[in-house]
file run19.txt (compact mmCIF, C-alpha atoms and all ligand atoms)
# COMPACT_ATOMS: atom_id res chain seq x y z
CA MET Z 1 133.69 113.45 130.95
CA LYS Z 2 136.77 111.73 132.31
CA GLU Z 3 138.28 109.00 130.09
CA ARG Z 4 138.01 105.54 131.58
CA THR Z 5 141.23 103.74 132.47
CA ALA Z 6 140.82 100.11 131.56
CA GLY Z 7 142.60 97.48 133.58
CA ASN Z 8 142.40 99.38 136.89
CA GLU Z 9 143.28 97.18 139.85
CA PHE Z 10 140.52 97.42 142.43
CA PHE Z 11 141.56 94.82 144.98
CA LYS Z 12 145.04 96.21 145.56
CA GLY Z 13 147.40 94.24 147.72
CA ILE Z 14 145.46 90.98 147.25
CA GLY Z 15 146.97 88.44 144.88
CA PRO Z 16 145.59 85.13 143.64
CA ILE Z 17 144.19 83.01 146.46
CA ARG Z 18 146.05 79.72 146.66
CA PHE Z 19 145.72 76.46 148.50
CA GLU Z 20 148.15 76.46 151.43
CA GLY Z 21 146.77 73.60 153.50
CA ILE Z 22 145.44 73.21 157.01
CA LYS Z 23 148.58 74.52 158.71
CA SER Z 24 148.42 77.89 156.95
CA ASP Z 25 147.71 80.99 159.03
CA ASN Z 26 147.25 83.13 155.96
CA PRO Z 27 143.65 84.48 156.00
CA LEU Z 28 143.89 84.99 152.24
CA ALA Z 29 144.56 81.34 151.39
CA PHE Z 30 142.51 78.17 151.09
CA ARG Z 31 143.09 75.63 153.81
CA PHE Z 32 140.88 72.88 152.39
CA TYR Z 33 140.02 73.76 148.80
CA ASN Z 34 142.71 72.47 146.51
CA PRO Z 35 141.23 72.76 143.01
CA THR Z 36 143.44 70.08 141.51
CA ALA Z 37 143.12 67.55 144.35
CA LYS Z 38 141.20 64.44 143.37
CA VAL Z 39 138.13 63.35 145.31
CA GLY Z 40 137.14 60.07 143.75
CA LYS Z 41 137.24 60.35 139.99
CA LYS Z 42 137.00 64.14 139.74
CA THR Z 43 139.05 67.05 141.03
CA MET Z 44 137.59 69.38 143.65
CA GLU Z 45 137.19 72.04 140.98
CA GLN Z 46 135.23 69.66 138.74
CA HIS Z 47 132.98 68.55 141.59
CA LEU Z 48 132.15 71.92 143.05
CA ARG Z 49 132.00 74.23 140.02
CA PHE Z 50 131.95 77.44 142.08
CA ALA Z 51 130.31 80.56 140.72
CA VAL Z 52 130.37 84.14 141.98
CA ALA Z 53 127.07 86.06 142.09
CA TYR Z 54 127.50 89.41 140.37
CA TRP Z 55 124.65 91.12 142.22
CA HIS Z 56 125.74 90.54 145.80
CA SER Z 57 129.46 91.02 145.44
CA PHE Z 58 129.71 93.90 142.97
CA CYS Z 59 126.30 95.67 143.00
CA GLY Z 60 124.98 95.33 146.55
CA THR Z 61 126.21 98.26 148.59
CA GLY Z 62 124.73 97.34 151.95
CA GLY Z 63 121.67 99.59 152.10
CA ASP Z 64 118.77 98.22 154.16
CA PRO Z 65 115.28 99.52 155.03
CA PHE Z 66 116.80 101.40 157.96
CA GLY Z 67 119.90 102.91 156.46
CA LEU Z 68 121.91 104.10 153.52
CA PRO Z 69 124.55 102.02 151.73
CA THR Z 70 127.71 101.35 153.69
CA LYS Z 71 129.98 100.03 150.96
CA ASN Z 72 131.80 102.57 148.90
CA PHE Z 73 132.79 100.37 146.00
CA PRO Z 74 135.45 102.20 143.95
CA TRP Z 75 134.01 100.71 140.74
CA LEU Z 76 130.70 102.54 141.19
CA THR Z 77 132.00 106.10 141.20
CA SER Z 78 131.62 107.23 137.58
CA SER Z 79 128.46 109.14 136.67
CA ASP Z 80 128.44 107.60 133.18
CA PRO Z 81 126.50 104.30 133.15
CA ILE Z 82 128.74 102.48 130.65
CA HIS Z 83 131.93 103.73 132.28
CA ARG Z 84 130.57 102.55 135.64
CA ALA Z 85 129.44 99.20 134.22
CA LYS Z 86 132.83 98.55 132.67
CA ASP Z 87 134.65 99.43 135.90
CA LYS Z 88 132.32 97.10 137.75
CA MET Z 89 133.00 94.34 135.25
CA ASP Z 90 136.76 94.90 135.53
CA ALA Z 91 136.41 94.56 139.31
CA ALA Z 92 134.25 91.44 138.96
CA PHE Z 93 136.67 89.66 136.65
CA GLU Z 94 139.64 90.72 138.77
CA PHE Z 95 137.92 89.22 141.81
CA MET Z 96 136.84 86.03 140.07
CA THR Z 97 140.31 85.49 138.66
CA LYS Z 98 142.00 86.10 142.00
CA ILE Z 99 139.63 83.84 143.94
CA GLY Z 100 139.91 81.20 141.21
CA ALA Z 101 136.17 80.79 140.56
CA PRO Z 102 135.58 79.05 137.25
CA PHE Z 103 132.08 80.54 136.83
CA TYR Z 104 129.88 83.56 137.48
CA CYS Z 105 126.14 84.36 137.30
CA PHE Z 106 124.32 87.61 136.60
CA HIS Z 107 120.97 89.31 136.06
CA ASP Z 108 120.62 91.55 133.00
CA TYR Z 109 120.63 94.75 135.01
CA ASP Z 110 123.50 93.68 137.24
CA ILE Z 111 125.95 94.16 134.40
CA VAL Z 112 124.61 97.59 133.50
CA ASP Z 113 121.94 99.87 134.97
CA GLU Z 114 118.55 99.87 133.29
CA ALA Z 115 117.98 103.07 131.29
CA ILE Z 116 114.87 105.26 131.02
CA THR Z 117 113.89 103.79 127.65
CA LEU Z 118 113.79 100.18 126.58
CA LYS Z 119 115.77 101.04 123.48
CA GLU Z 120 118.61 102.58 125.46
CA SER Z 121 118.58 99.65 127.92
CA GLU Z 122 118.97 97.20 125.05
CA LYS Z 123 121.84 99.26 123.62
CA ARG Z 124 123.60 99.29 126.98
CA LEU Z 125 123.16 95.54 127.37
CA GLU Z 126 124.59 94.92 123.94
CA THR Z 127 127.68 96.97 124.79
CA MET Z 128 128.20 95.15 128.07
CA VAL Z 129 127.63 91.68 126.63
CA ALA Z 130 130.37 92.41 124.11
CA TYR Z 131 132.61 93.58 126.94
CA ALA Z 132 131.82 90.47 129.01
CA LYS Z 133 132.67 88.28 126.06
CA GLN Z 134 136.10 89.84 125.90
CA LYS Z 135 136.63 89.56 129.68
CA GLN Z 136 135.57 85.88 129.65
CA LYS Z 137 138.01 85.19 126.86
CA GLU Z 138 140.91 86.91 128.64
CA SER Z 139 140.24 85.27 132.01
CA GLY Z 140 138.79 81.86 131.14
CA VAL Z 141 135.90 82.51 133.57
CA LYS Z 142 132.65 81.07 132.21
CA LEU Z 143 128.97 81.90 132.64
CA LEU Z 144 127.16 79.32 134.78
CA TRP Z 145 123.83 81.04 134.26
CA GLY Z 146 122.17 84.23 133.21
CA THR Z 147 118.80 85.56 134.34
CA ALA Z 148 116.56 88.61 134.12
CA ASN Z 149 115.75 90.86 137.04
CA LEU Z 150 111.95 90.86 137.00
CA PHE Z 151 111.49 92.18 140.51
CA SER Z 152 113.36 95.49 141.12
CA ASN Z 153 111.66 97.83 138.67
CA PRO Z 154 108.39 99.30 140.09
CA ARG Z 155 106.55 98.09 136.96
CA TYR Z 156 106.77 94.57 138.43
CA MET Z 157 105.11 95.44 141.73
CA ASN Z 158 102.13 93.22 140.79
CA GLY Z 159 104.28 90.49 139.26
CA ALA Z 160 106.11 89.93 135.98
CA ALA Z 161 104.89 86.92 133.94
CA THR Z 162 101.95 86.67 136.36
CA ASN Z 163 101.07 90.36 136.31
CA PRO Z 164 97.32 90.96 135.86
CA ASP Z 165 98.24 93.61 133.24
CA PHE Z 166 99.26 92.09 129.91
CA HIS Z 167 101.41 95.15 129.09
CA VAL Z 168 103.72 94.32 131.97
CA VAL Z 169 103.92 90.71 130.78
CA CYS Z 170 105.24 92.05 127.45
CA HIS Z 171 107.99 93.94 129.26
CA ALA Z 172 108.91 90.82 131.22
CA GLY Z 173 109.02 88.89 127.94
CA THR Z 174 111.32 91.49 126.42
CA GLN Z 175 113.72 91.23 129.33
CA VAL Z 176 113.73 87.44 129.25
CA LYS Z 177 114.31 87.41 125.49
CA ASN Z 178 117.25 89.77 125.86
CA ALA Z 179 118.66 87.87 128.83
CA ILE Z 180 118.43 84.57 126.93
CA ASP Z 181 120.19 86.21 123.99
CA ALA Z 182 122.92 87.47 126.33
CA THR Z 183 123.26 84.04 127.95
CA ILE Z 184 123.62 82.38 124.54
CA ALA Z 185 126.13 85.01 123.33
CA LEU Z 186 128.24 84.37 126.43
CA GLY Z 187 128.07 80.58 126.23
CA GLY Z 188 125.98 80.33 129.42
CA ILE Z 189 125.36 76.77 130.54
CA ASN Z 190 122.00 77.38 132.23
CA TYR Z 191 119.27 80.00 132.31
CA VAL Z 192 117.49 80.72 135.62
CA PHE Z 193 114.00 81.87 136.54
CA TRP Z 194 113.54 83.09 140.08
CA GLY Z 195 110.00 84.37 140.55
CA GLY Z 196 110.28 86.80 143.42
CA ARG Z 197 107.16 88.69 142.44
CA GLU Z 198 105.43 85.76 140.76
CA GLY Z 199 102.94 85.23 143.54
CA TYR Z 200 100.61 87.43 145.50
CA LEU Z 201 100.32 89.79 148.41
CA SER Z 202 96.60 89.15 148.85
CA LEU Z 203 94.37 86.43 147.40
CA LEU Z 204 91.41 88.82 147.53
CA ASN Z 205 92.58 90.59 144.38
CA THR Z 206 94.28 87.58 142.76
CA ASP Z 207 93.08 84.96 140.26
CA MET Z 208 95.68 82.38 141.19
CA LYS Z 209 94.75 79.81 138.53
CA ARG Z 210 94.87 82.34 135.72
CA GLU Z 211 98.21 83.74 136.92
CA GLN Z 212 99.76 80.28 137.08
CA GLU Z 213 98.52 79.49 133.58
CA HIS Z 214 100.15 82.71 132.40
CA MET Z 215 103.38 81.68 134.03
CA ALA Z 216 103.30 78.31 132.29
CA ARG Z 217 102.56 79.97 128.94
CA PHE Z 218 105.43 82.39 129.51
CA LEU Z 219 107.88 79.58 130.36
CA HIS Z 220 106.85 77.65 127.24
CA MET Z 221 107.48 80.76 125.14
CA ALA Z 222 110.89 81.30 126.75
CA ARG Z 223 111.81 77.64 126.24
CA ASP Z 224 110.68 77.70 122.59
CA TYR Z 225 112.56 80.92 121.92
CA GLY Z 226 115.76 79.69 123.59
CA ARG Z 227 115.72 76.37 121.77
CA LYS Z 228 115.06 78.09 118.45
CA GLN Z 229 118.07 80.34 119.04
CA GLY Z 230 120.22 77.29 119.69
CA PHE Z 231 120.35 77.29 123.49
CA ASN Z 232 120.76 73.67 124.52
CA GLY Z 233 121.54 74.30 128.18
CA THR Z 234 119.16 73.75 131.07
CA PHE Z 235 116.40 76.09 132.13
CA LEU Z 236 116.29 76.29 135.91
CA ILE Z 237 113.56 77.36 138.29
CA GLU Z 238 114.65 78.58 141.70
CA PRO Z 239 112.01 77.92 144.35
CA LYS Z 240 111.41 80.29 147.25
CA PRO Z 241 108.25 80.36 149.35
CA MET Z 242 108.00 84.09 150.09
CA GLU Z 243 109.88 87.39 150.14
CA PRO Z 244 109.32 89.72 148.41
CA SER Z 245 105.79 88.38 147.80
CA LYS Z 246 103.74 87.08 150.72
CA HIS Z 247 103.30 83.86 148.81
CA GLN Z 248 105.33 82.82 145.79
CA TYR Z 249 104.11 80.26 143.26
CA ASP Z 250 107.51 78.49 143.15
CA PHE Z 251 107.17 77.68 146.85
CA ASP Z 252 109.55 74.72 147.16
CA SER Z 253 110.91 71.75 145.20
CA ALA Z 254 107.73 69.69 145.46
CA THR Z 255 105.50 72.57 144.35
CA VAL Z 256 107.70 73.41 141.37
CA ILE Z 257 107.96 69.79 140.28
CA SER Z 258 104.19 69.39 140.31
CA PHE Z 259 103.89 72.64 138.30
CA LEU Z 260 106.44 71.42 135.74
CA ARG Z 261 104.57 68.12 135.42
CA GLU Z 262 101.16 69.75 135.12
CA TYR Z 263 102.35 72.08 132.37
CA ASP Z 264 104.57 69.61 130.52
CA LEU Z 265 107.90 71.32 131.18
CA MET Z 266 109.85 68.44 132.76
CA ASP Z 267 112.02 67.84 129.70
CA ASP Z 268 113.62 71.29 129.65
CA PHE Z 269 113.50 72.52 133.23
CA LYS Z 270 115.38 71.58 136.37
CA LEU Z 271 115.71 73.19 139.78
CA ASN Z 272 118.22 75.63 141.19
CA LEU Z 273 118.00 75.16 144.94
CA GLU Z 274 119.05 77.72 147.52
CA VAL Z 275 119.83 76.96 151.15
CA ASN Z 276 118.08 79.96 152.68
CA HIS Z 277 115.00 79.45 150.50
CA ALA Z 278 114.72 75.88 151.78
CA THR Z 279 114.80 77.02 155.37
CA LEU Z 280 112.21 79.74 154.68
CA ALA Z 281 109.94 76.94 153.42
CA HIS Z 282 110.54 75.12 156.73
CA HIS Z 283 112.58 72.44 154.99
CA THR Z 284 116.19 71.44 155.38
CA PHE Z 285 118.35 72.10 152.34
CA GLN Z 286 118.99 68.37 152.22
CA HIS Z 287 115.23 67.79 151.88
CA GLU Z 288 114.90 70.19 148.95
CA LEU Z 289 117.84 68.61 147.14
CA GLN Z 290 116.55 65.09 147.74
CA VAL Z 291 113.06 65.88 146.44
CA ALA Z 292 114.62 67.28 143.25
CA ALA Z 293 117.12 64.45 142.89
CA ASP Z 294 114.37 61.84 143.27
CA ALA Z 295 112.45 63.47 140.42
CA GLY Z 296 115.59 63.69 138.27
CA VAL Z 297 115.59 67.49 138.24
CA LEU Z 298 118.44 68.45 140.56
CA GLY Z 299 120.10 71.10 138.43
CA SER Z 300 122.20 73.57 140.39
CA MET Z 301 122.65 75.20 143.77
CA ASP Z 302 122.64 78.70 145.27
CA ALA Z 303 124.88 78.49 148.30
CA ASN Z 304 124.29 80.62 151.38
CA ARG Z 305 122.79 80.23 154.82
CA GLY Z 306 120.01 81.78 156.85
CA ASP Z 307 120.09 82.80 160.46
CA TYR Z 308 118.60 80.48 163.06
CA GLN Z 309 117.03 83.37 164.93
CA ASN Z 310 115.84 85.61 162.06
CA GLY Z 311 113.08 84.52 159.73
CA TRP Z 312 114.18 86.09 156.48
CA ASP Z 313 116.56 85.58 153.56
CA THR Z 314 119.76 86.81 155.20
CA ASP Z 315 121.93 85.29 152.44
CA GLN Z 316 124.98 84.80 154.64
CA PHE Z 317 127.96 82.87 153.40
CA PRO Z 318 127.81 79.15 154.24
CA ASN Z 319 129.94 77.85 157.11
CA ASN Z 320 128.09 74.89 158.60
CA VAL Z 321 130.14 71.91 157.43
CA TYR Z 322 127.81 69.36 158.98
CA GLU Z 323 124.78 70.63 157.07
CA LEU Z 324 126.79 71.04 153.88
CA THR Z 325 127.91 67.43 154.23
CA GLU Z 326 124.27 66.35 154.36
CA ALA Z 327 123.74 68.37 151.16
CA MET Z 328 126.80 67.00 149.40
CA LEU Z 329 125.69 63.45 150.26
CA VAL Z 330 122.57 64.05 148.16
CA VAL Z 331 124.54 65.69 145.35
CA LEU Z 332 127.13 62.92 145.15
CA GLN Z 333 124.57 60.14 145.36
CA SER Z 334 122.62 61.71 142.51
CA GLY Z 335 125.74 61.65 140.34
CA GLY Z 336 127.16 65.11 141.07
CA PHE Z 337 126.81 68.31 139.09
CA THR Z 338 126.94 68.10 135.32
CA ALA Z 339 125.64 71.40 133.97
CA GLY Z 340 125.03 72.97 137.39
CA GLY Z 341 127.37 74.23 140.05
CA ILE Z 342 127.57 76.06 143.36
CA ASN Z 343 126.73 79.74 143.04
CA PHE Z 344 127.49 81.90 146.07
CA ASP Z 345 124.19 83.74 146.24
CA ALA Z 346 125.42 85.30 149.46
CA LYS Z 347 126.41 88.74 150.66
CA THR Z 348 128.83 90.07 153.20
CA ARG Z 349 127.13 91.80 156.13
CA ARG Z 350 126.27 95.48 155.93
CA ASN Z 351 129.07 96.33 158.36
CA SER Z 352 131.66 94.24 156.48
CA SER Z 353 132.75 97.28 154.55
CA ASP Z 354 136.31 96.39 153.47
CA LEU Z 355 136.93 95.07 149.97
CA ALA Z 356 138.93 92.24 151.55
CA ASP Z 357 135.74 91.06 153.28
CA ILE Z 358 134.46 89.83 149.90
CA PHE Z 359 137.53 87.60 149.75
CA TYR Z 360 137.22 86.32 153.33
CA ALA Z 361 133.57 85.50 152.71
CA HIS Z 362 134.22 83.46 149.58
CA ILE Z 363 137.28 81.75 151.03
CA GLY Z 364 135.21 80.64 154.03
CA GLY Z 365 132.38 79.36 151.86
CA ILE Z 366 134.67 77.57 149.43
CA ASP Z 367 136.65 75.90 152.21
CA ALA Z 368 133.45 74.81 153.96
CA PHE Z 369 132.23 73.15 150.76
CA ALA Z 370 135.60 71.49 150.17
CA ARG Z 371 135.43 69.94 153.64
CA ALA Z 372 131.83 68.84 153.06
CA LEU Z 373 132.72 67.29 149.72
CA VAL Z 374 135.56 65.27 151.22
CA ALA Z 375 133.42 64.23 154.20
CA ALA Z 376 130.50 63.16 152.03
CA HIS Z 377 132.77 61.29 149.65
CA THR Z 378 134.47 59.47 152.56
CA ILE Z 379 131.11 58.54 154.10
CA LEU Z 380 129.99 57.00 150.81
CA GLU Z 381 133.32 55.22 150.32
CA ASP Z 382 133.18 53.86 153.86
CA GLY Z 383 129.77 52.46 152.96
CA GLU Z 384 128.36 51.85 156.45
CA TYR Z 385 125.87 54.71 156.08
CA THR Z 386 124.39 53.52 152.79
CA LYS Z 387 124.46 49.90 153.94
CA LEU Z 388 122.53 50.65 157.13
CA ARG Z 389 120.00 52.77 155.29
CA LYS Z 390 119.43 50.01 152.79
CA GLN Z 391 119.14 47.43 155.56
CA ARG Z 392 116.19 49.34 157.05
CA TYR Z 393 114.22 48.32 153.98
CA GLY Z 394 115.49 44.72 153.95
CA THR Z 395 112.02 43.23 154.43
CA PHE Z 396 111.16 44.47 150.93
CA ASP Z 397 114.14 42.72 149.35
CA SER Z 398 112.68 39.22 149.36
CA GLY Z 399 109.52 37.21 149.98
CA LYS Z 400 106.20 38.96 150.39
CA GLY Z 401 107.79 42.43 150.76
CA LYS Z 402 109.33 42.05 147.33
CA GLU Z 403 105.99 40.90 145.93
CA PHE Z 404 104.42 44.05 147.40
CA GLU Z 405 106.93 46.25 145.58
CA ARG Z 406 106.30 44.32 142.39
CA ASN Z 407 102.62 45.04 142.53
CA LYS Z 408 101.65 41.42 143.19
CA LEU Z 409 99.70 41.84 146.44
CA SER Z 410 96.29 43.23 147.28
CA LEU Z 411 95.05 44.93 150.42
CA THR Z 412 93.42 41.68 151.58
CA ASP Z 413 96.78 39.92 151.14
CA LEU Z 414 98.26 42.45 153.59
CA ARG Z 415 95.44 41.66 155.96
CA ASP Z 416 96.05 37.91 155.77
CA LEU Z 417 99.80 38.36 156.26
CA ALA Z 418 99.30 40.61 159.30
CA HIS Z 419 97.15 37.90 160.85
CA THR Z 420 99.75 35.18 160.29
CA THR Z 421 102.86 37.16 161.29
CA GLY Z 422 101.37 38.84 164.36
CA GLU Z 423 102.65 42.03 166.02
CA PRO Z 424 105.94 43.13 164.36
CA ALA Z 425 109.06 43.28 166.51
CA GLN Z 426 110.21 46.83 167.28
CA ILE Z 427 113.10 47.98 165.05
CA SER Z 428 115.08 51.07 166.03
CA GLY Z 429 115.53 53.83 163.46
CA ARG Z 430 118.90 54.58 165.12
CA GLN Z 431 118.92 58.26 164.18
CA GLU Z 432 121.71 59.14 166.62
CA TYR Z 433 123.81 56.30 165.28
CA PHE Z 434 123.41 57.70 161.75
CA GLU Z 435 124.26 61.20 163.00
CA ASN Z 436 127.40 59.86 164.60
CA ILE Z 437 128.54 58.36 161.30
CA LEU Z 438 128.40 61.85 159.83
CA SER Z 439 130.17 63.38 162.83
CA LYS Z 440 132.92 60.82 162.49
CA PHE Z 441 133.83 62.08 159.02
CA VAL Z 442 133.02 65.80 159.20
C1 LIG T 501 116.63 85.84 145.73
C2 LIG T 501 117.17 84.89 144.75
C3 LIG T 501 117.88 85.52 143.56
C4 LIG T 501 118.06 84.52 142.46
C5 LIG T 501 118.34 85.11 141.13
O1 LIG T 501 116.25 85.49 146.84
O2 LIG T 501 117.99 84.00 145.41
O3 LIG T 501 119.10 86.07 143.97
O4 LIG T 501 119.06 83.61 142.76
O5 LIG T 501 117.33 85.95 140.70
NI NI T 502 117.76 84.10 147.77
NI NI T 503 119.29 82.61 144.54
call {"tool": "encode", "arguments": {"input": "run19.txt", "output": "structure tokens", "more": "lines below"}}
Ligand code: XLS
Ligand code: NI
Ligand code: NI
result
Amino acid sequence: MKERTAGNEFFKGIGPIRFEGIKSDNPLAFRFYNPTAKVGKKTMEQHLRFAVAYWHSFCGTGGDPFGLPTKNFPWLTSSDPIHRAKDKMDAAFEFMTKIGAPFYCFHDYDIVDEAITLKESEKRLETMVAYAKQKQKESGVKLLWGTANLFSNPRYMNGAATNPDFHVVCHAGTQVKNAIDATIALGGINYVFWGGREGYLSLLNTDMKREQEHMARFLHMARDYGRKQGFNGTFLIEPKPMEPSKHQYDFDSATVISFLREYDLMDDFKLNLEVNHATLAHHTFQHELQVAADAGVLGSMDANRGDYQNGWDTDQFPNNVYELTEAMLVVLQSGGFTAGGINFDAKTRRNSSDLADIFYAHIGGIDAFARALVAAHTILEDGEYTKLRKQRYGTFDSGKGKEFERNKLSLTDLRDLAHTTGEPAQISGRQEYFENILSKFV
């Protein structure tokens, strides 16, 4: 077997990506994202906390149901799994350092391929966690979150924690235990559960209540284990309504919050919200964020975008500054990210086959978020938007409206008041006016 050369440069000819400002014509520079620039009290870097998703950028080779992979990543050429995994990790850390991302995220079997036996898989993981530790130390890149892939292996075809076969649940538990251990070893700030196969394809063969109870039990066990091992970060659930299952139990923010409340998990769990998952649930991303923020469980974000014509999870890089501004308005008003961040859960298109495309994609996404952050911050500073929204509820700020909010009125009081005040005057909701405020600053 060929000896591995450590420290190979994979993205040759591409140096660190720097902020060059709006006048720059350099496609390998930021035009809006200046990590050290202050927006309010924090720098852009502190606000946005960008993370690179290991799976899309270094593992996904562009295969689709109609065709073979299109991306010949030079880090995937070795036939030896550890050699290959280390090359891939070298490439990942080279990319993250050059793009200037402070964080990354991974699934267990992104960092090394799963082996035939559980024992060998665990050994491989151990080797790669040690390697990641060293790479993090050298580069300063940190782990935003770790997770376990409980959806690719055929054993999970009927679900992982919600599988009707207890033996499969044990395997899922093993993976989650190991992934929590890895996350702790690498100083991960959060741990994510995305339940792609936690749901059903047909209700005819599914005991939904029992499966959901199993999921709750499983999450309690994971929480208890993590806390016992000293993990004091946040556990995150990432809602998605469908795909790969027909119906997934973590459908959307509201569904997950009611699940967390029902099963007494609100103290340890928050939400990791993804743009394309929101749109699959027929919500705006802004809606999903607001529902979570209102319940105090807005944890982190998976950034991408769907396609307005296709109805699936296309995971494209974000570029719609107007919609991102709506999202950042919610984030800023809820106090901004503390433990969470913005993970680019997005992939370059199948026909974007150059290594440089991974850079263009992230540069575009990062710049779009920088613009949205500045726009949202300016809108809030300007104050007209929040003032007008508050004014819409002005009738609750004094008199009988205030008494209503304070629980001092009954239904018959409302009836008596309606009789004395008569038909209310029409008050415009002024949606277009509100939209124009956003347009003014975007
Ligand atoms: C898939 C999900 C997945 C999670 C991590 O749609 O977005 O990538 O973020 O398991
Ligand atoms: Ni997704
Ligand atoms: Ni995601």
call {"tool": "closest_residue", "arguments": {"input": "run19.txt", "among": "Z:Ile116, Z:Leu417, Z:Ala376, Z:Ile237", "to": "ligand NI 503 (chain T)", "atoms": "all atoms listed in the file"}}
result
Z:Ile237
call {"tool": "residues_around", "arguments": {"input": "run19.txt", "residues": "range 339-346 of chain Z", "least_positions_apart": "4", "cutoff": "6 Å", "atoms": "only C-alpha atoms", "output": "list in words"}}
result
Arg49, Phe50, Ala51, Val52, Ala53, Gly299, Ser300, Met301, Asp302, Ala303, Asn304, Asp315, Gln316 and Phe317 of chain Z
call {"tool": "residues_near_ligand", "arguments": {"input": "run19.txt", "ligand": "ligand LIG 501 (chain T)", "cutoff": "8 Å", "atoms": "only C-alpha atoms and all ligand atoms", "output": "list in words"}}
result
Trp55, Phe106, His107, Thr147, Ala148, Asn149, Val192, Phe193, Trp194, Gly195, Gly196, Glu238, Lys240, Glu243, Glu274, His277, Asp302, Asp313, Asp315 and Asp345 of chain Z
call {"tool": "atom_distance", "arguments": {"input": "run19.txt", "atom1": "CA of Val168 in chain Z", "atom2": "CA of Arg124 in chain Z"}}
result
21.1 Å
call {"tool": "closest_residue", "arguments": {"input": "run19.txt", "among": "Z:Arg261, Z:His56, Z:Val297, Z:Leu332", "to": "ligand NI 502 (chain T)", "atoms": "all atoms listed in the file"}}
result
Z:His56
call {"tool": "atom_distance", "arguments": {"input": "run19.txt", "atom1": "CA of Phe58 in chain Z", "atom2": "CA of Gly15 in chain Z"}}
result
18.2 Å
call {"tool": "closest_residue", "arguments": {"input": "run19.txt", "among": "Z:Asn163, Z:Val275, Z:Asp250, Z:Phe235", "to": "ligand NI 502 (chain T)", "atoms": "all atoms listed in the file"}}
result
Z:Val275
call {"tool": "closest_residue", "arguments": {"input": "run19.txt", "among": "Z:Ala368, Z:Val374, Z:Leu201, Z:Ala278", "to": "ligand NI 502 (chain T)", "atoms": "only C-alpha atoms and all ligand atoms"}}
result
Z:Ala278
call {"tool": "residues_around", "arguments": {"input": "run19.txt", "residues": "Trp145 in chain Z", "least_positions_apart": "2", "cutoff": "6 Å", "atoms": "all atoms listed in the file", "output": "VMD selection string"}}
result
chain Z and resid 105 143 188 to 191
call {"tool": "residues_around", "arguments": {"input": "run19.txt", "residues": "Gln136 in chain Z", "least_positions_apart": "4", "cutoff": "12 Å", "atoms": "only C-alpha atoms", "output": "MDAnalysis selection string"}}
result
chainID Z and resid 89:90 92:94 96:97 102:104 128:132 140:144 185:188
call {"tool": "write_last_selection", "arguments": {"input": "run19.txt", "atoms": "C-alpha atoms", "output": "PDB file, keeping the file's coordinate frame"}}
result
ATOM      1  CA  MET Z  89     133.000  94.340 135.250  1.00  0.00           C
ATOM      2  CA  ASP Z  90     136.760  94.900 135.530  1.00  0.00           C
ATOM      3  CA  ALA Z  92     134.250  91.440 138.960  1.00  0.00           C
ATOM      4  CA  PHE Z  93     136.670  89.660 136.650  1.00  0.00           C
ATOM      5  CA  GLU Z  94     139.640  90.720 138.770  1.00  0.00           C
ATOM      6  CA  MET Z  96     136.840  86.030 140.070  1.00  0.00           C
ATOM      7  CA  THR Z  97     140.310  85.490 138.660  1.00  0.00           C
ATOM      8  CA  PRO Z 102     135.580  79.050 137.250  1.00  0.00           C
ATOM      9  CA  PHE Z 103     132.080  80.540 136.830  1.00  0.00           C
ATOM     10  CA  TYR Z 104     129.880  83.560 137.480  1.00  0.00           C
ATOM     11  CA  MET Z 128     128.200  95.150 128.070  1.00  0.00           C
ATOM     12  CA  VAL Z 129     127.630  91.680 126.630  1.00  0.00           C
ATOM     13  CA  ALA Z 130     130.370  92.410 124.110  1.00  0.00           C
ATOM     14  CA  TYR Z 131     132.610  93.580 126.940  1.00  0.00           C
ATOM     15  CA  ALA Z 132     131.820  90.470 129.010  1.00  0.00           C
ATOM     16  CA  GLY Z 140     138.790  81.860 131.140  1.00  0.00           C
ATOM     17  CA  VAL Z 141     135.900  82.510 133.570  1.00  0.00           C
ATOM     18  CA  LYS Z 142     132.650  81.070 132.210  1.00  0.00           C
ATOM     19  CA  LEU Z 143     128.970  81.900 132.640  1.00  0.00           C
ATOM     20  CA  LEU Z 144     127.160  79.320 134.780  1.00  0.00           C
ATOM     21  CA  ALA Z 185     126.130  85.010 123.330  1.00  0.00           C
ATOM     22  CA  LEU Z 186     128.240  84.370 126.430  1.00  0.00           C
ATOM     23  CA  GLY Z 187     128.070  80.580 126.230  1.00  0.00           C
ATOM     24  CA  GLY Z 188     125.980  80.330 129.420  1.00  0.00           C
TER      25      GLY Z 188
END
call {"tool": "atom_distance", "arguments": {"input": "run19.txt", "atom1": "CA of Arg84 in chain Z", "atom2": "CA of Asn72 in chain Z"}}
result
13.3 Å
call {"tool": "residues_around", "arguments": {"input": "run19.txt", "residues": "Ala6 in chain Z", "least_positions_apart": "2", "cutoff": "10 Å", "atoms": "all atoms listed in the file", "output": "ChimeraX atom specification"}}
result
/Z:3-4,8-9,83,86-87,90
call {"tool": "write_last_selection", "arguments": {"input": "run19.txt", "atoms": "C-alpha atoms", "output": "tab-separated table (two decimals), keeping the file's coordinate frame"}}
result
chain	number	residue	atom	x	y	z
Z	3	GLU	CA	138.28	109.00	130.09
Z	4	ARG	CA	138.01	105.54	131.58
Z	8	ASN	CA	142.40	99.38	136.89
Z	9	GLU	CA	143.28	97.18	139.85
Z	83	HIS	CA	131.93	103.73	132.28
Z	86	LYS	CA	132.83	98.55	132.67
Z	87	ASP	CA	134.65	99.43	135.90
Z	90	ASP	CA	136.76	94.90	135.53
